[in-house]
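Dumped target_21.txt below, it's compact mmCIF, C-alpha atoms:
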```txt
# COMPACT_ATOMS: atom_id res chain seq x y z
CA MET A 75 0.00 0.00 0.00
CA LYS A 76 2.80 2.44 0.78
CA LEU A 77 4.32 1.91 -2.65
CA ARG A 78 1.06 2.71 -4.39
CA THR A 79 0.48 5.91 -2.36
CA GLY A 80 4.02 7.09 -3.09
CA PHE A 81 3.52 6.37 -6.79
CA LYS A 82 0.29 8.44 -6.85
CA ALA A 83 2.02 11.37 -5.15
CA GLN A 84 4.91 11.16 -7.60
CA MET A 85 2.53 11.10 -10.58
CA MET A 86 0.59 14.09 -9.23
CA GLY A 87 3.85 15.98 -8.69
CA THR A 88 4.97 15.18 -12.24
CA ALA A 89 1.62 16.32 -13.61
CA LEU A 90 1.83 19.60 -11.69
CA VAL A 91 5.34 20.27 -13.00
CA ALA A 92 4.23 19.52 -16.59
CA MET A 93 1.20 21.82 -16.25
CA SER A 94 3.31 24.65 -14.83
CA ILE A 95 5.80 24.33 -17.70
CA GLY A 96 2.93 24.34 -20.18
CA VAL A 97 1.37 27.45 -18.66
CA THR A 98 4.64 29.39 -18.58
CA GLY A 99 5.39 28.31 -22.14
CA CYS A 100 2.23 30.08 -23.33
CA SER A 101 2.84 33.33 -21.47
CA SER A 102 3.34 36.57 -23.35
CA ILE A 103 6.85 37.75 -24.22
CA THR A 104 7.37 41.51 -23.87
CA GLU A 105 10.30 43.23 -25.57
CA GLY A 106 11.29 46.88 -25.45
CA ALA A 107 13.17 48.62 -28.23
CA GLY A 108 14.59 52.07 -28.81
CA TYR A 109 14.74 55.01 -26.43
CA ILE A 110 13.61 54.37 -22.86
CA ALA A 111 10.99 57.07 -22.47
CA ASN A 112 11.01 59.14 -19.30
CA ASP A 113 8.05 61.53 -19.06
CA GLY A 114 9.78 63.60 -16.39
CA LEU A 115 12.77 64.31 -18.63
CA THR A 116 10.81 64.92 -21.83
CA ALA A 117 8.56 67.41 -20.03
CA THR A 118 11.58 69.58 -19.21
CA ILE A 119 12.36 70.33 -22.87
CA GLN A 120 10.88 73.77 -23.62
CA PRO A 121 10.76 75.63 -26.96
CA GLY A 122 12.69 78.91 -26.81
CA LEU A 123 14.65 77.85 -23.72
CA ASP A 124 16.56 74.76 -24.80
CA ASN A 125 19.07 74.16 -27.57
CA ARG A 126 20.77 71.11 -29.11
CA ARG A 127 23.36 70.90 -26.34
CA SER A 128 20.84 71.05 -23.48
CA VAL A 129 18.62 68.46 -25.21
CA THR A 130 21.60 66.13 -25.63
CA GLU A 131 22.57 66.57 -21.98
CA THR A 132 18.99 65.89 -20.84
CA LEU A 133 17.85 63.10 -23.17
CA GLY A 134 21.04 61.79 -24.75
CA ARG A 135 21.55 61.17 -28.45
CA PRO A 136 18.36 60.83 -30.54
CA SER A 137 17.22 57.58 -32.14
CA PHE A 138 17.53 59.30 -35.52
CA THR A 139 17.52 62.77 -37.07
CA SER A 140 15.81 64.25 -40.11
CA GLN A 141 17.81 64.35 -43.31
CA TYR A 142 15.67 66.91 -45.16
CA GLY A 143 13.60 69.93 -44.23
CA THR A 144 13.44 71.33 -40.73
CA PRO A 145 16.19 69.89 -38.46
CA THR A 146 14.33 67.45 -36.21
CA TRP A 147 15.50 64.92 -33.64
CA TYR A 148 13.37 61.83 -32.98
CA TYR A 149 13.38 59.73 -29.82
CA VAL A 150 11.50 56.50 -30.62
CA SER A 151 10.32 54.03 -27.98
CA SER A 152 8.40 50.83 -28.68
CA THR A 153 7.21 47.83 -26.68
CA THR A 154 6.02 44.67 -28.42
CA GLY A 155 4.30 41.65 -27.00
CA ARG A 156 3.73 38.24 -28.44
CA LYS A 157 2.75 34.77 -27.53
CA PRO A 158 4.96 31.90 -28.70
CA PHE A 159 4.60 31.10 -32.41
CA VAL A 160 2.48 34.22 -33.03
CA LYS A 161 3.44 37.39 -34.89
CA PRO A 162 4.46 40.19 -32.47
CA ARG A 163 2.09 43.14 -31.94
CA ILE A 164 2.97 46.65 -30.82
CA GLU A 165 1.64 47.30 -27.32
CA GLN A 166 3.12 50.76 -26.71
CA HIS A 167 4.78 53.14 -29.12
CA SER A 168 5.83 56.76 -28.77
CA VAL A 169 7.80 59.20 -30.86
CA PHE A 170 9.15 62.34 -29.21
CA ALA A 171 10.09 64.84 -31.94
CA ILE A 172 12.08 68.02 -31.27
CA GLU A 173 12.42 70.63 -34.04
CA PHE A 174 15.29 73.13 -34.13
CA ASP A 175 15.83 76.42 -35.95
CA GLY A 176 18.98 77.29 -37.90
CA ALA A 177 20.78 78.47 -34.75
CA GLY A 178 20.09 75.17 -32.93
CA ASN A 179 17.33 76.40 -30.58
CA VAL A 180 14.26 74.28 -29.91
CA THR A 181 11.23 75.59 -31.83
CA SER A 182 8.65 72.87 -31.12
CA VAL A 183 8.16 69.61 -29.25
CA ASN A 184 5.65 66.96 -30.37
CA THR A 185 4.73 63.53 -29.06
CA THR A 186 2.84 60.90 -31.04
CA GLY A 187 1.73 57.46 -30.04
CA VAL A 188 0.57 54.13 -31.37
CA ASP A 189 -2.20 55.87 -33.34
CA GLN A 190 0.44 56.88 -35.92
CA VAL A 191 1.76 53.32 -36.43
CA VAL A 192 1.13 51.90 -39.91
CA TYR A 193 0.92 48.16 -40.44
CA LEU A 194 2.23 47.15 -43.85
CA SER A 195 1.42 43.88 -45.52
CA PRO A 196 3.80 42.94 -48.33
CA ASP A 197 2.30 41.93 -51.67
CA GLY A 198 3.87 38.58 -52.39
CA ASP A 199 7.41 37.54 -51.70
CA GLU A 200 9.17 39.51 -54.45
CA THR A 201 10.22 43.14 -54.56
CA PRO A 202 9.24 44.83 -57.83
CA THR A 203 12.13 46.60 -59.57
CA LEU A 204 12.59 48.66 -62.68
CA GLY A 205 14.19 47.04 -65.72
CA ARG A 206 13.48 43.95 -67.70
CA GLU A 207 13.26 40.35 -66.59
CA ARG A 208 16.21 38.23 -67.67
CA SER A 209 16.31 34.47 -67.78
CA PHE A 210 19.05 32.37 -66.22
CA LEU A 211 20.67 31.79 -69.62
CA GLU A 212 20.65 35.52 -70.40
CA ASP A 213 22.40 36.17 -67.08
CA LEU A 214 24.89 33.40 -67.77
CA PHE A 215 25.74 34.22 -71.39
CA GLY A 216 24.70 37.89 -71.60
CA ASN A 217 28.25 39.32 -71.49
CA ILE A 218 29.66 37.21 -74.33
CA GLY A 219 30.96 39.54 -76.99
CA THR A 220 30.64 42.70 -74.89
CA VAL A 221 33.91 42.40 -72.97
CA ASN A 222 36.63 44.50 -74.63
CA ALA A 223 34.21 45.57 -77.37
CA PRO A 224 34.62 49.21 -78.51
CA GLY A 225 32.61 51.46 -76.17
CA GLY A 226 31.73 48.55 -73.89
CA PRO A 227 32.82 47.75 -70.34
CA GLY A 228 36.47 46.85 -69.99
CA SER A 229 37.43 48.40 -73.31
CA THR A 230 40.48 50.54 -73.63
CA GLY A 231 39.75 54.01 -74.91
CA PRO A 232 40.73 55.28 -78.40
```

Go ahead and render the structure in this file as structure tokens.
Amino acid sequence: MKLRTGFKAQMMGTALVAMSIGVTGCSSITEGAGYIANDGLTATIQPGLDNRRSVTETLGRPSFTSQYGTPTWYYVSSTTGRKPFVKPRIEQHSVFAIEFDGAGNVTSVNTTGVDQVVYLSPDGDETPTLGRERSFLEDLFGNIGTVNAPGGPGSTGP
């Protein structure tokens, strides 16, 4: 009788361990990316008072900067969550944008959230490009006769 009772307890313990592993295996995975947003620090940036140096000292380097138009620094923060074997979804997203004038002074501060996130769905598994489609044989034999031809690639000038 003792053997049987011990076996039942061992089986119940094994079942509990298996269930706990199964439950934790299905829990959500949360991952943060980008700038770690701090509302207290971002609230201190004031147009007309701050400049590029004070912003850098307060917030650090931006996630990225504008390349065209008004000089703007962007601090991007994003948190995604997903369950195992499922595509991740954005849970929190914020973009803190700071615009500067020509002298480097802050002119405006804007914050946007997840409402500005755009979900793109690719059309197929190929990227369309300009040009014509070439077959494998055209790629393989396409340069025959063009190497060292007058005016072609690899030719020596007149």

**Request:** Would you work out the distance separating CA of Tyr149 (chain A) from CA of Ala117 (chain A), expressed in Å to one decimal?
**Result:** 13.3 Å

Within 9 Å of Phe174 (chain A), counting only C-alpha atoms, which residues qualify if same-chain residues fewer than 5 places away don't, as a PDB file with C-alpha atoms, in the frame of the given file?
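out03.pdb written:
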```pdb
ATOM      1  CA  PRO A 121      10.760  75.630 -26.960  1.00  0.00           C
ATOM      2  CA  ASN A 125      19.070  74.160 -27.570  1.00  0.00           C
ATOM      3  CA  ARG A 126      20.770  71.110 -29.110  1.00  0.00           C
ATOM      4  CA  THR A 144      13.440  71.330 -40.730  1.00  0.00           C
ATOM      5  CA  PRO A 145      16.190  69.890 -38.460  1.00  0.00           C
ATOM      6  CA  THR A 146      14.330  67.450 -36.210  1.00  0.00           C
ATOM      7  CA  TRP A 147      15.500  64.920 -33.640  1.00  0.00           C
ATOM      8  CA  ASN A 179      17.330  76.400 -30.580  1.00  0.00           C
ATOM      9  CA  VAL A 180      14.260  74.280 -29.910  1.00  0.00           C
ATOM     10  CA  THR A 181      11.230  75.590 -31.830  1.00  0.00           C
ATOM     11  CA  SER A 182       8.650  72.870 -31.120  1.00  0.00           C
TER      12      SER A 182
END
```

**Request:** Take CA of Gln166 (chain A) and CA of Val188 (chain A) and report the distance between them in Å, one decimal.
**Result:**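 Between CA of Gln166 (chain A) and CA of Val188 (chain A) the gap is 6.3 Å.
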
**Request:** Would you mind telling me which residue in A:Val150, A:Leu204, A:Ala177, A:Val192 lies nearest to Arg163 (chain A) when using all atoms listed in the file?
**Result:**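 Nearest candidate to Arg163 (chain A) out of A:Val150, A:Leu204, A:Ala177, A:Val192: A:Val192.
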
**Request:** Considering all atoms listed in the file, state which residue in the set A:Thr116, A:Thr220, A:Ser102, A:Thr154 is at the smallest distance from Asn184 (chain A).
**Result:**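 Closest to Asn184 (chain A) of all the choices is A:Thr116.
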
**Request:** Determine the nearest neighbour of Ala111 (chain A) from the options A:Asp189, A:Leu133, A:Thr88, A:Asp199, counting all atoms listed in the file.
**Result:**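 Closest residue, counting all atoms listed in the file: A:Leu133.
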
**Request:** Measuring atom to atom with only C-alpha atoms, identify which of A:Asp124, A:Asp213, A:Glu105, A:Glu200 is nearest to Ile172 (chain A).
**Result:**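 Under the stated criterion, the closest residue is A:Asp124.
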
**Prompt:** Which is closest to Val129 (chain A) among A:Tyr148, A:Thr203, A:Gly108, A:His167, if we use only C-alpha atoms?
**Reply:**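 Smallest separation from Val129 (chain A) among the options: A:Tyr148.
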
**Request:** Enter the distance from CA of Ala107 (chain A) to CA of Tyr142 (chain A), in Å, rounded to one decimal.
**Result:**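 Taking CA of Ala107 (chain A) as the start and CA of Tyr142 (chain A) as the end point, the length is 25.0 Å.
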
**Request:** Name the residues in contact with Thr104 (chain A) at a cut-off of 7 Å, using all atoms listed in the file, excluding same-chain residues fewer than 3 positions from it; report them as a PyMOL selection string.
**Result:** chain A and resi 153-156
